[in-house]
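Shown next: run37.txt, given as compact mmCIF, C-alpha atoms.
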# COMPACT_ATOMS: atom_id res chain seq x y z
CA MET A 1 106.05 105.58 6.39
CA PHE A 2 106.61 108.87 8.25
CA GLU A 3 107.00 110.72 4.95
CA LYS A 4 103.62 109.37 3.83
CA ILE A 5 101.99 110.49 7.08
CA LYS A 6 103.57 113.92 6.79
CA LYS A 7 102.19 114.26 3.28
CA GLU A 8 98.73 113.31 4.53
CA ILE A 9 99.02 115.87 7.32
CA ILE A 10 99.90 118.56 4.79
CA ASP A 11 97.05 117.43 2.51
CA SER A 12 94.60 117.65 5.44
CA ILE A 13 95.49 121.18 6.52
CA ASP A 14 92.62 122.78 4.52
CA SER A 15 90.07 120.32 5.92
CA LEU A 16 91.33 120.79 9.46
CA LEU A 17 91.18 124.53 9.08
CA ARG A 18 87.63 124.41 7.71
CA TYR A 19 86.50 122.19 10.58
CA ALA A 20 88.29 124.41 13.10
CA ILE A 21 86.72 127.61 11.79
CA VAL A 22 83.22 126.17 11.83
CA MET A 23 83.70 124.85 15.34
CA VAL A 24 85.81 127.59 16.95
CA GLY A 25 84.19 130.51 15.17
CA ASN A 26 87.19 132.73 14.50
CA GLU A 27 90.13 132.46 12.16
CA GLU A 28 92.94 133.10 14.61
CA ASP A 29 91.88 130.50 17.16
CA ALA A 30 91.18 128.06 14.33
CA LYS A 31 94.71 128.51 12.98
CA ASP A 32 96.18 128.00 16.43
CA LEU A 33 94.15 124.83 16.82
CA VAL A 34 95.32 123.50 13.45
CA GLN A 35 98.90 124.32 14.32
CA GLU A 36 98.65 122.57 17.65
CA THR A 37 96.97 119.59 15.99
CA CYS A 38 99.76 119.23 13.42
CA TYR A 39 102.43 119.52 16.09
CA LYS A 40 100.79 116.89 18.27
CA ALA A 41 100.31 114.64 15.26
CA LEU A 42 103.98 114.92 14.29
CA LYS A 43 105.03 114.05 17.79
CA ASN A 44 102.80 110.98 17.83
CA MET A 45 103.36 109.68 14.31
CA SER A 46 105.06 106.56 15.63
CA SER A 47 101.75 105.40 17.14
CA LEU A 48 100.35 104.88 13.63
CA ASP A 49 100.82 102.01 11.25
CA GLU A 50 100.60 101.87 7.48
CA ASN A 51 96.86 101.15 7.49
CA SER A 52 95.90 103.96 9.84
CA ASN A 53 93.33 106.51 8.73
CA VAL A 54 95.51 109.59 9.13
CA LYS A 55 92.80 112.12 8.29
CA ALA A 56 90.34 110.71 10.85
CA TRP A 57 93.18 110.51 13.36
CA LEU A 58 93.99 114.20 12.80
CA PHE A 59 90.35 115.17 13.32
CA THR A 60 90.27 113.14 16.54
CA ILE A 61 93.36 114.97 17.80
CA MET A 62 91.89 118.33 16.87
CA ARG A 63 88.57 117.59 18.48
CA ASN A 64 90.21 116.44 21.73
CA LEU A 65 92.36 119.56 21.79
CA TRP A 66 89.30 121.72 21.18
CA ILE A 67 87.30 120.00 23.95
CA ASN A 68 90.22 120.42 26.36
CA GLN A 69 90.47 124.10 25.48
CA ARG A 70 86.78 124.52 26.16
CA LYS A 71 87.12 122.74 29.50
CA ARG A 72 89.97 125.10 30.41
CA SER A 73 87.79 128.06 29.46
CA GLN A 74 85.09 126.58 31.71
CA ILE A 75 82.65 126.55 28.86
CA SER A 76 80.56 123.43 28.94
CA PRO A 77 81.60 121.16 26.08
CA VAL A 78 79.21 119.45 23.73
CA GLN A 79 75.62 120.32 24.53
CA LEU A 80 72.64 119.20 22.54
CA ASP A 81 69.30 120.81 22.09
CA GLU A 82 67.13 117.74 21.92
CA THR A 83 63.84 119.54 21.29
CA ILE A 84 63.32 119.71 17.59
CA GLU A 85 60.10 120.91 16.14
CA ASP A 86 58.35 118.71 13.65
CA VAL A 87 59.84 119.96 10.43
CA SER A 88 58.31 119.35 7.08
CA ASP A 89 60.26 117.25 4.60
CA GLU A 90 59.74 120.05 2.11
CA TRP A 91 62.93 121.50 0.73
CA ASN A 92 62.23 123.54 -2.30
CA ILE A 93 65.64 125.05 -2.78
CA ASN A 94 67.89 123.18 -5.13
CA PRO A 95 71.68 123.38 -4.90
CA GLU A 96 71.95 125.31 -8.18
CA GLU A 97 69.68 127.97 -6.78
CA LEU A 98 71.77 128.04 -3.64
CA LEU A 99 74.86 128.68 -5.71
CA ILE A 100 73.22 131.52 -7.60
CA ASN A 101 71.27 133.02 -4.72
CA ASN A 102 73.88 134.44 -2.35
CA GLU A 103 71.21 135.52 0.14
CA VAL A 104 69.83 131.98 0.55
CA ARG A 105 73.37 130.63 0.82
CA GLN A 106 74.19 133.10 3.59
CA ILE A 107 71.00 132.20 5.47
CA LEU A 108 71.86 128.50 5.36
CA MET A 109 75.39 129.30 6.52
CA LYS A 110 73.95 131.41 9.35
CA ALA A 111 71.64 128.55 10.29
CA LEU A 112 74.59 126.16 10.38
CA ASN A 113 76.56 128.51 12.62
CA GLU A 114 73.61 128.84 14.98
CA LEU A 115 73.37 125.10 15.53
CA PRO A 116 74.60 123.56 18.78
CA ASP A 117 78.26 122.51 18.50
CA ALA A 118 77.48 118.79 18.37
CA TYR A 119 75.12 119.22 15.38
CA ARG A 120 77.36 121.64 13.55
CA GLU A 121 80.32 119.33 14.10
CA ILE A 122 78.66 116.18 12.80
CA LEU A 123 77.33 117.95 9.69
CA VAL A 124 80.80 119.27 8.91
CA LEU A 125 82.38 115.86 9.38
CA ARG A 126 79.79 114.16 7.16
CA TYR A 127 79.09 116.70 4.41
CA PHE A 128 82.22 118.85 4.28
CA GLU A 129 84.78 116.11 4.89
CA ASP A 130 82.86 113.04 3.66
CA PHE A 131 83.72 110.88 6.67
CA SER A 132 81.73 107.63 6.90
CA TYR A 133 79.52 106.92 9.94
CA ASN A 134 82.19 104.54 11.18
CA GLU A 135 84.94 107.15 10.88
CA ILE A 136 82.76 109.76 12.58
CA SER A 137 82.04 107.36 15.44
CA LYS A 138 85.80 107.02 15.99
CA ILE A 139 86.40 110.75 15.84
CA LEU A 140 83.54 111.51 18.21
CA ASN A 141 84.23 108.43 20.31
CA CYS A 142 80.62 107.30 20.24
CA PRO A 143 78.67 104.36 18.77
CA VAL A 144 77.66 104.37 15.08
CA GLY A 145 74.01 104.38 16.19
CA THR A 146 74.60 107.68 17.98
CA VAL A 147 76.21 109.09 14.84
CA MET A 148 73.14 108.09 12.84
CA SER A 149 70.62 109.59 15.25
CA ARG A 150 72.64 112.73 15.91
CA LEU A 151 73.06 113.30 12.20
CA ASN A 152 69.31 112.96 11.68
CA ARG A 153 68.63 115.50 14.41
CA ALA A 154 71.34 117.81 13.08
CA ARG A 155 69.78 117.83 9.60
CA GLU A 156 66.33 118.46 11.03
CA LYS A 157 67.60 121.21 13.27
CA LEU A 158 69.42 122.86 10.38
CA LYS A 159 66.32 122.78 8.25
CA GLU A 160 64.23 124.18 11.10
CA THR A 161 66.70 126.99 11.87
CA PHE A 162 67.05 127.84 8.19
CA LEU A 163 63.31 128.09 7.67
CA LYS A 164 62.92 130.33 10.72
CA ILE A 165 65.57 132.76 9.50
CA TYR A 166 64.34 132.52 5.91
CA GLU A 167 60.71 133.28 6.80
CA LYS A 168 61.80 136.13 9.05
CA ASN A 169 63.72 137.69 6.16
CA GLN A 170 60.80 137.45 3.72
CA MET B 1 55.82 96.50 2.24
CA ILE B 2 57.97 99.28 3.69
CA ASP B 3 56.88 101.42 6.58
CA HIS B 4 56.85 105.04 5.40
CA LYS B 5 58.31 106.17 8.73
CA ALA B 6 61.31 103.94 8.12
CA ILE B 7 61.76 105.20 4.57
CA LYS B 8 62.80 108.65 5.77
CA ILE B 9 65.66 107.11 7.77
CA TRP B 10 66.53 104.91 4.80
CA ILE B 11 66.62 107.92 2.51
CA ASN B 12 69.27 109.57 4.67
CA LEU B 13 71.25 106.35 4.97
CA TYR B 14 71.01 105.89 1.21
CA LEU B 15 72.19 109.43 0.52
CA ASP B 16 75.04 108.99 3.00
CA GLY B 17 76.10 105.75 1.29
CA GLU B 18 75.37 103.73 4.43
CA LEU B 19 72.45 101.63 3.16
CA VAL B 20 73.65 98.19 2.06
CA GLY B 21 72.55 94.66 1.31
CA ASP B 22 68.90 93.61 1.24
CA GLU B 23 67.72 96.92 2.66
CA LEU B 24 69.35 98.77 -0.22
CA GLU B 25 67.65 96.51 -2.77
CA LEU B 26 64.32 96.83 -1.00
CA PHE B 27 64.71 100.60 -0.87
CA LYS B 28 65.53 100.91 -4.59
CA GLN B 29 62.55 98.75 -5.47
CA HIS B 30 60.27 100.87 -3.29
CA ILE B 31 61.51 104.16 -4.75
CA LYS B 32 60.75 102.86 -8.25
CA GLU B 33 57.17 102.22 -7.25
CA CYS B 34 56.44 105.06 -4.78
CA GLN B 35 56.25 108.58 -6.20
CA ASP B 36 55.83 110.17 -2.74
CA CYS B 37 59.03 108.64 -1.46
CA LEU B 38 60.85 109.54 -4.69
CA LYS B 39 59.82 113.15 -4.14
CA ILE B 40 61.12 113.09 -0.55
CA LEU B 41 64.37 111.50 -1.78
CA LYS B 42 64.89 114.25 -4.35
CA GLN B 43 64.16 117.00 -1.83
CA GLN B 44 66.44 115.47 0.77
CA ARG B 45 69.18 115.08 -1.84
CA ASP B 46 68.83 118.76 -2.72
CA PHE B 47 69.00 119.65 0.95
CA ILE B 48 72.14 117.61 1.54
CA ASP B 49 73.74 118.98 -1.62
CA SER B 50 72.94 122.45 -0.28
CA ILE B 51 74.81 121.62 2.94
CA ARG B 52 77.71 120.31 0.89
CA ALA B 53 77.74 123.52 -1.13
CA LEU B 54 78.41 125.46 2.07
CA LYS B 55 81.86 123.91 2.22
CA ASP B 56 83.09 126.54 -0.21
CA GLU B 57 81.62 129.28 1.95
CA VAL B 58 84.19 128.58 4.63
CA LYS B 59 87.05 130.53 3.16
CA VAL B 60 90.29 131.08 4.99
CA GLN B 61 93.49 132.70 3.89
CA SER B 62 95.61 129.72 4.78
CA GLN B 63 98.60 130.08 2.49
CA ASP B 64 100.79 131.63 5.16
CA LEU B 65 99.71 129.07 7.71
CA LYS B 66 100.26 126.21 5.29
CA ALA B 67 103.73 127.47 4.40
CA GLU B 68 104.54 127.85 8.08
CA LEU B 69 103.23 124.38 8.93
CA ILE B 70 105.12 122.72 6.09
CA GLU B 71 108.27 124.44 7.33
CA GLN B 72 107.58 123.18 10.84
CA ILE B 73 107.10 119.67 9.52
CA GLU B 74 110.44 119.87 7.73
CA LYS B 75 112.06 121.25 10.85
CA PHE B 76 110.58 118.44 12.88
CA LYS B 77 112.09 116.01 10.41
CA THR B 78 115.56 117.52 10.96
CA GLU B 79 115.18 117.34 14.72
CA LYS B 80 114.00 113.78 14.41
CA ARG B 81 117.08 112.87 12.38
CA LYS B 82 119.29 114.66 14.88
CA THR B 83 117.64 112.70 17.66
CA ILE B 84 118.28 109.46 15.79
CA LYS B 85 121.92 110.50 15.33
CA TYR B 86 122.23 111.32 19.02
CA ILE B 87 120.61 108.02 19.97
CA ALA B 88 122.93 106.11 17.62
CA PHE B 89 125.97 107.97 18.95
CA ALA B 90 124.91 107.44 22.57
CA SER B 91 124.27 103.76 21.85
CA ILE B 92 127.78 103.32 20.42
CA ILE B 93 129.33 105.11 23.41
CA ALA B 94 127.25 103.02 25.81
CA PHE B 95 128.25 99.85 23.98
CA LEU B 96 131.96 100.75 24.09
CA LEU B 97 131.63 101.67 27.76
CA ILE B 98 129.99 98.37 28.59
CA LEU B 99 132.64 96.56 26.56
CA THR B 100 135.46 98.40 28.37
CA ILE B 101 133.91 97.83 31.79
CA SER B 102 133.36 94.15 30.99
CA PHE B 103 136.95 93.86 29.76
CA ILE B 104 138.31 95.57 32.86
CA TYR B 105 136.03 93.53 35.12
CA PHE B 106 137.01 90.30 33.41
CA TYR B 107 140.73 90.93 33.58
CA SER B 108 140.68 92.56 37.00
CA ASN B 109 139.19 89.34 38.29
CA ARG B 110 141.93 87.30 36.68
CA THR B 111 144.84 87.30 39.06
CA ASP B 112 148.46 87.25 38.06
CA LEU B 113 149.02 83.73 39.29
CA VAL B 114 152.78 84.02 38.86
CA LYS B 115 152.97 86.80 41.46
CA ILE B 116 150.80 84.87 43.94
CA ALA B 117 152.75 81.69 43.29
CA VAL B 118 156.06 83.39 44.12
CA GLU B 119 154.59 84.89 47.32
CA ASN B 120 153.21 81.51 48.40
CA HIS B 121 156.46 79.75 47.54
CA MET B 122 158.43 82.21 49.70
CA ARG B 123 156.02 81.84 52.62
CA GLN B 124 156.02 78.07 52.27
CA VAL B 125 159.84 77.94 52.25
CA ARG B 126 159.97 80.22 55.31
CA GLY B 127 157.59 77.92 57.15
CA HIS B 128 154.68 80.38 57.19
CA LEU B 129 152.49 78.06 55.13
CA PRO B 130 152.72 74.61 56.72
CA LEU B 131 151.51 71.71 54.61
CA GLU B 132 148.06 70.43 55.43
CA ILE B 133 148.83 66.99 54.08
CA VAL B 134 152.29 65.50 54.15
CA SER B 135 152.57 62.70 51.63
CA SER B 136 154.60 61.69 48.62
CA SER B 137 151.69 59.84 47.12
CA GLU B 138 149.96 61.53 44.19
CA ALA B 139 146.82 59.52 44.85
CA GLU B 140 146.68 60.45 48.52
CA ILE B 141 147.11 64.15 47.78
CA SER B 142 144.53 64.01 44.98
CA ASN B 143 142.04 62.41 47.33
CA TRP B 144 142.76 65.00 50.01
CA PHE B 145 141.93 67.84 47.58
CA GLU B 146 138.65 66.21 46.59
CA GLY B 147 135.67 68.22 47.82
CA LYS B 148 137.87 71.07 49.03
CA LEU B 149 138.20 72.82 45.68
CA LYS B 150 135.62 74.17 43.27
CA PHE B 151 137.55 72.64 40.39
CA ASN B 152 138.66 69.14 39.62
CA PHE B 153 142.35 68.67 40.28
CA ARG B 154 144.28 65.45 40.46
CA LEU B 155 148.04 65.04 40.58
CA PRO B 156 149.42 63.01 37.70
CA ARG B 157 151.93 60.26 38.23
CA TYR B 158 155.38 60.46 36.65
CA PRO B 159 155.57 58.05 33.70
CA ASP B 160 158.64 56.29 35.02
CA PRO B 161 158.56 56.44 38.89
CA SER B 162 162.04 54.97 39.21
CA ASN B 163 163.50 57.94 37.33
CA GLN B 164 161.24 60.60 38.84
CA PRO B 165 163.42 63.77 39.07
CA TYR B 166 161.44 65.33 41.90
CA ARG B 167 159.90 64.31 45.22
CA ILE B 168 156.43 65.25 46.41
CA LYS B 169 156.39 66.59 49.96
CA GLY B 170 152.73 67.41 50.50
CA ALA B 171 150.02 69.97 49.78
CA ARG B 172 147.66 72.58 51.19
CA LEU B 173 144.99 75.03 50.24
CA VAL B 174 145.81 78.72 49.72
CA ALA B 175 143.46 81.68 49.38
CA LEU B 176 142.94 83.16 45.93
CA ASN B 177 140.18 85.60 44.84
CA ASN B 178 137.94 84.77 47.79
CA ASP B 179 138.37 81.09 47.01
CA TYR B 180 140.91 78.33 47.31
CA ALA B 181 143.75 77.33 45.04
CA ALA B 182 145.81 74.14 45.33
CA LEU B 183 149.42 74.34 46.42
CA VAL B 184 151.65 71.30 46.02
CA SER B 185 155.12 71.26 47.50
CA TYR B 186 157.99 69.42 45.77
CA GLU B 187 161.69 68.99 46.15
CA MET B 188 164.01 68.82 43.15
CA TYR B 189 167.80 68.80 43.24
CA ASN B 190 167.40 69.21 47.02
CA ARG B 191 165.72 72.56 46.45
CA PRO B 192 162.08 73.42 47.24
CA MET B 193 159.64 73.78 44.37
CA THR B 194 155.91 74.67 44.58
CA LEU B 195 153.10 74.26 42.16
CA LEU B 196 150.08 76.54 42.46
CA VAL B 197 146.90 75.56 40.58
CA ALA B 198 143.80 77.71 40.05
CA PRO B 199 140.92 77.86 37.53
CA SER B 200 141.98 79.72 34.38
CA ARG B 201 138.87 81.95 34.59
CA SER B 202 140.41 83.63 37.61
CA ALA B 203 144.16 83.24 36.97
CA ILE B 204 146.39 83.97 34.01
CA PRO B 205 149.84 82.62 33.18
CA TYR B 206 152.59 85.13 32.53
CA GLY B 207 156.19 85.13 31.38
CA LYS B 208 158.57 87.13 29.20
CA ARG B 209 159.54 83.99 27.34
CA LYS B 210 157.00 81.79 25.69
CA VAL B 211 157.64 78.22 24.59
CA ASN B 212 155.15 76.01 22.86
CA PHE B 213 155.28 72.37 23.84
CA LYS B 214 152.66 69.82 22.80
CA ASP B 215 150.29 72.62 21.70
CA ILE B 216 150.48 74.41 25.06
CA ASP B 217 152.08 77.80 25.60
CA PHE B 218 154.48 77.73 28.53
CA TYR B 219 155.61 81.05 29.96
CA LEU B 220 159.00 81.42 31.62
CA ASP B 221 159.73 84.31 33.93
CA THR B 222 162.04 85.41 36.74
CA ARG B 223 160.89 87.34 39.79
CA ASP B 224 162.63 88.06 43.08
CA GLY B 225 165.33 85.53 42.19
CA PHE B 226 162.84 82.77 41.45
CA ASN B 227 162.11 81.06 38.16
CA ILE B 228 158.46 80.62 37.31
CA LEU B 229 156.99 78.35 34.69
CA SER B 230 153.29 78.96 34.09
CA TRP B 231 150.73 77.62 31.65
CA THR B 232 147.04 76.99 31.10
CA ASP B 233 145.60 73.62 30.21
CA LYS B 234 142.05 72.24 30.25
CA GLY B 235 140.57 75.12 32.25
CA LEU B 236 143.30 75.28 34.89
CA THR B 237 146.28 77.61 35.21
CA TYR B 238 149.48 76.28 36.76
CA ALA B 239 152.50 78.14 38.16
CA LEU B 240 155.62 76.21 39.13
CA VAL B 241 158.16 78.15 41.26
CA PHE B 242 161.78 77.08 41.86
CA ASP B 243 165.11 78.74 42.50
CA PHE B 244 167.70 76.47 40.97
CA GLU B 245 169.54 77.14 37.74
CA ASN B 246 169.88 74.97 34.65
CA PHE B 247 166.31 73.79 35.11
CA ASP B 248 165.22 71.39 32.44
CA TRP B 249 161.62 72.51 32.27
CA LYS B 250 160.72 69.58 30.08
CA LYS B 251 161.33 67.14 32.92
CA PRO B 252 158.36 68.13 35.12
CA CYS B 253 156.27 68.85 32.04
CA ILE B 254 156.58 65.26 31.02
CA VAL B 255 154.49 64.40 34.08
CA CYS B 256 151.35 65.75 32.50
CA HIS B 257 152.18 66.37 28.90
CA SER B 258 153.87 63.20 27.72
CA GLN B 259 151.90 60.53 25.99
CA GLU B 260 152.64 58.07 28.77
CA THR B 261 150.98 60.16 31.44
CA ASN B 262 148.90 58.24 33.88
CA GLU B 263 146.45 60.24 35.87
CA MET B 264 145.96 59.15 39.41
Output the structure of this file as structure tokens.
Amino acid sequence: MFEKIKKEIIDSIDSLLRYAIVMVGNEEDAKDLVQETCYKALKNMSSLDENSNVKAWLFTIMRNLWINQRKRSQISPVQLDETIEDVSDEWNINPEELLINNEVRQILMKALNELPDAYREILVLRYFEDFSYNEISKILNCPVGTVMSRLNRAREKLKETFLKIYEKNQ
Amino acid sequence: MIDHKAIKIWINLYLDGELVGDELELFKQHIKECQDCLKILKQQRDFIDSIRALKDEVKVQSQDLKAELIEQIEKFKTEKRKTIKYIAFASIIAFLLILTISFIYFYSNRTDLVKIAVENHMRQVRGHLPLEIVSSSEAEISNWFEGKLKFNFRLPRYPDPSNQPYRIKGARLVALNNDYAALVSYEMYNRPMTLLVAPSRSAIPYGKRKVNFKDIDFYLDTRDGFNILSWTDKGLTYALVFDFENFDWKKPCIVCHSQETNEM
């Protein structure tokens, strides 16, 4: 069983690193966080059983480590900007265009990075890592309803931030 | 009829694969019929796909880190195995230690009854251990011991009393391992003879010569000029001490170990 878990840890390294970079903001700290996550996971492998969701478990470990680091740095942890302007449902950029148009892609990336941590985090977990609402609720240690509402706000906020930057650049 | 405010939430749930059951069916039916909602669905799908496309934007040179982590995982595996080996080794040592201590404890608690029997015989002969009951009756002595010992001990009667080769003088209690043992004093060929009886869990028979008689091992030994016959039977260890030569050890043994034995 341990060999299977180890394989899953190795398979999750890229995802963990991606999540860490988006959340931490720099490559070096992200790598340290991944390393610490893997080490802690290896030490606690015996707490898992064969049906455990190893990937979600790894993300939970990483998130807890990250929050603890932030507490040590005396930076307030997850903070949400609850005021979201009424954003239009309009989205006239299709994914193909995004792939071709590097400028638009960079603006969306910038908008994502400007989001509050809690919004950025939930978007990464859902759309980069494909975690279900249930898995996200376990990682974030919050009810599924909160996942649903926070995800809605995160999408709206991303759209709003994107449009602001986009219009400014035009 | 679906509320158009609710449809926006349903669109996101649908795109996230979280809309199920009747709501999913209702939603699909509505989308087929409502062009406005279909348009919103398509736009929201494009938006979400755009977010997904950003995944590839997060590029990290992770080969070195991955190699390092895999190495660490392998190293951890080795340490884990070493730990298991150490635990297994420590467990075996602990087991052997417990076994040795138990063995020592068990045998240290089992007294060499032969040695004690000789000492008691000498003290009894010298008058330092006066008898607590003076009687030649097996029944009387057996009754006297009742309630005084933690084990059941009754003197057997010689099969043929008219030809009994020994005479019972009396009995007393003697100390043994913080408890009492039974001492019975006899006379045979006008010489004193004592029998010491203790539970076999705390006393062992001993002798350089071993003789098997009626499935019991009898040990014969000589110490300080005395002959000692010791044996274990039915949870009790016996040591008979005497000083005369040409002792026919079968004669007293017949008391208990012949077929005609009558217990008192």
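The part of chain B that reaches within 6 Å of chain A is made up of B:Gln43, B:Asp46, B:Asp49, B:Ser50, B:Arg52, B:Lys55, counting all atoms listed in the file.
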* To do: Show which residues sit within 12 Å of Asp49 of chain A, as an NGL selection string. Count only C-alpha atoms, and ignore same-chain residues fewer than 5 positions away.
  => :A and (1-2 or 4-5 or 44 or 54 or 57)
* Asked: So how far away is atom CA of Lys85 of chain B from atom CA of Thr37 of chain A, in Å?
  -> 26.6 Å
* Asked: What is the distance, in Å and to one decimal place, between atom CA of Glu135 of chain A and atom CA of Arg153 of chain A?
  ->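 Between atom CA of Glu135 of chain A and atom CA of Arg153 of chain A the gap is 18.7 Å.
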Could you please give me, as a PDB file with C-alpha atoms, keeping the file's coordinate frame, the residues of protein, DNA or RNA lying at most 9 Å from (163.6, 70.2, 45.5) in the coordinate frame of the file, considering only C-alpha atoms?
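Saved result, out-v3.pdb, follows:
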ATOM      1  CA  TYR B 166     161.440  65.330  41.900  1.00  0.00           C
ATOM      2  CA  ARG B 167     159.900  64.310  45.220  1.00  0.00           C
ATOM      3  CA  ILE B 168     156.430  65.250  46.410  1.00  0.00           C
ATOM      4  CA  SER B 185     155.120  71.260  47.500  1.00  0.00           C
ATOM      5  CA  TYR B 186     157.990  69.420  45.770  1.00  0.00           C
ATOM      6  CA  GLU B 187     161.690  68.990  46.150  1.00  0.00           C
ATOM      7  CA  MET B 188     164.010  68.820  43.150  1.00  0.00           C
ATOM      8  CA  TYR B 189     167.800  68.800  43.240  1.00  0.00           C
ATOM      9  CA  ASN B 190     167.400  69.210  47.020  1.00  0.00           C
ATOM     10  CA  ARG B 191     165.720  72.560  46.450  1.00  0.00           C
ATOM     11  CA  PRO B 192     162.080  73.420  47.240  1.00  0.00           C
ATOM     12  CA  MET B 193     159.640  73.780  44.370  1.00  0.00           C
ATOM     13  CA  THR B 194     155.910  74.670  44.580  1.00  0.00           C
ATOM     14  CA  PHE B 242     161.780  77.080  41.860  1.00  0.00           C
ATOM     15  CA  PHE B 244     167.700  76.470  40.970  1.00  0.00           C
TER      16      PHE B 244
END
* Asked: Mind pulling up the distance from atom CA of Gly127 of chain B to atom CA of Ala182 of chain B?
  ->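 These atoms are spaced 17.1 Å apart.
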* Which is closest to Lys210 of chain B among B:Leu229, B:Val241, B:Cys34, B:Leu65, if we use all atoms listed in the file? ->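 Between B:Leu229, B:Val241, B:Cys34, B:Leu65, the residue approaching Lys210 of chain B most closely is B:Leu229.
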Starting from the incomplete input, reconstruct N, CA and C atoms of segment 120-134 of chain A and report them as a PDB file, keeping the file's coordinate frame.
ATOM      1  N   ARG A 120      76.517 120.980  14.558  1.00  0.00           N
ATOM      2  CA  ARG A 120      77.360 121.640  13.550  1.00  0.00           C
ATOM      3  C   ARG A 120      78.556 120.737  13.209  1.00  0.00           C
ATOM      4  N   GLU A 121      79.135 120.180  14.257  1.00  0.00           N
ATOM      5  CA  GLU A 121      80.320 119.330  14.100  1.00  0.00           C
ATOM      6  C   GLU A 121      80.042 118.106  13.238  1.00  0.00           C
ATOM      7  N   ILE A 122      78.928 117.434  13.517  1.00  0.00           N
ATOM      8  CA  ILE A 122      78.660 116.180  12.800  1.00  0.00           C
ATOM      9  C   ILE A 122      78.289 116.458  11.328  1.00  0.00           C
ATOM     10  N   LEU A 123      77.651 117.594  11.085  1.00  0.00           N
ATOM     11  CA  LEU A 123      77.330 117.950   9.690  1.00  0.00           C
ATOM     12  C   LEU A 123      78.597 118.274   8.900  1.00  0.00           C
ATOM     13  N   VAL A 124      79.520 118.941   9.571  1.00  0.00           N
ATOM     14  CA  VAL A 124      80.800 119.270   8.910  1.00  0.00           C
ATOM     15  C   VAL A 124      81.570 118.000   8.601  1.00  0.00           C
ATOM     16  N   LEU A 125      81.628 117.108   9.594  1.00  0.00           N
ATOM     17  CA  LEU A 125      82.380 115.860   9.380  1.00  0.00           C
ATOM     18  C   LEU A 125      81.779 115.042   8.251  1.00  0.00           C
ATOM     19  N   ARG A 126      80.440 114.993   8.178  1.00  0.00           N
ATOM     20  CA  ARG A 126      79.790 114.160   7.160  1.00  0.00           C
ATOM     21  C   ARG A 126      79.777 114.828   5.786  1.00  0.00           C
ATOM     22  N   TYR A 127      79.342 116.102   5.731  1.00  0.00           N
ATOM     23  CA  TYR A 127      79.090 116.700   4.410  1.00  0.00           C
ATOM     24  C   TYR A 127      80.198 117.620   3.892  1.00  0.00           C
ATOM     25  N   PHE A 128      81.061 118.087   4.771  1.00  0.00           N
ATOM     26  CA  PHE A 128      82.220 118.850   4.280  1.00  0.00           C
ATOM     27  C   PHE A 128      83.410 117.913   4.027  1.00  0.00           C
ATOM     28  N   GLU A 129      83.571 116.953   4.946  1.00  0.00           N
ATOM     29  CA  GLU A 129      84.780 116.110   4.890  1.00  0.00           C
ATOM     30  C   GLU A 129      84.514 114.688   4.421  1.00  0.00           C
ATOM     31  N   ASP A 130      83.227 114.360   4.209  1.00  0.00           N
ATOM     32  CA  ASP A 130      82.860 113.040   3.660  1.00  0.00           C
ATOM     33  C   ASP A 130      83.307 111.853   4.511  1.00  0.00           C
ATOM     34  N   PHE A 131      83.385 112.018   5.814  1.00  0.00           N
ATOM     35  CA  PHE A 131      83.720 110.880   6.670  1.00  0.00           C
ATOM     36  C   PHE A 131      82.518 109.936   6.729  1.00  0.00           C
ATOM     37  N   SER A 132      82.807 108.622   6.766  1.00  0.00           N
ATOM     38  CA  SER A 132      81.730 107.630   6.900  1.00  0.00           C
ATOM     39  C   SER A 132      81.209 107.651   8.344  1.00  0.00           C
ATOM     40  N   TYR A 133      80.081 106.993   8.578  1.00  0.00           N
ATOM     41  CA  TYR A 133      79.520 106.920   9.940  1.00  0.00           C
ATOM     42  C   TYR A 133      80.546 106.279  10.892  1.00  0.00           C
ATOM     43  N   ASN A 134      81.208 105.248  10.370  1.00  0.00           N
ATOM     44  CA  ASN A 134      82.190 104.540  11.180  1.00  0.00           C
ATOM     45  C   ASN A 134      83.359 105.451  11.578  1.00  0.00           C
TER      46      ASN A 134
END
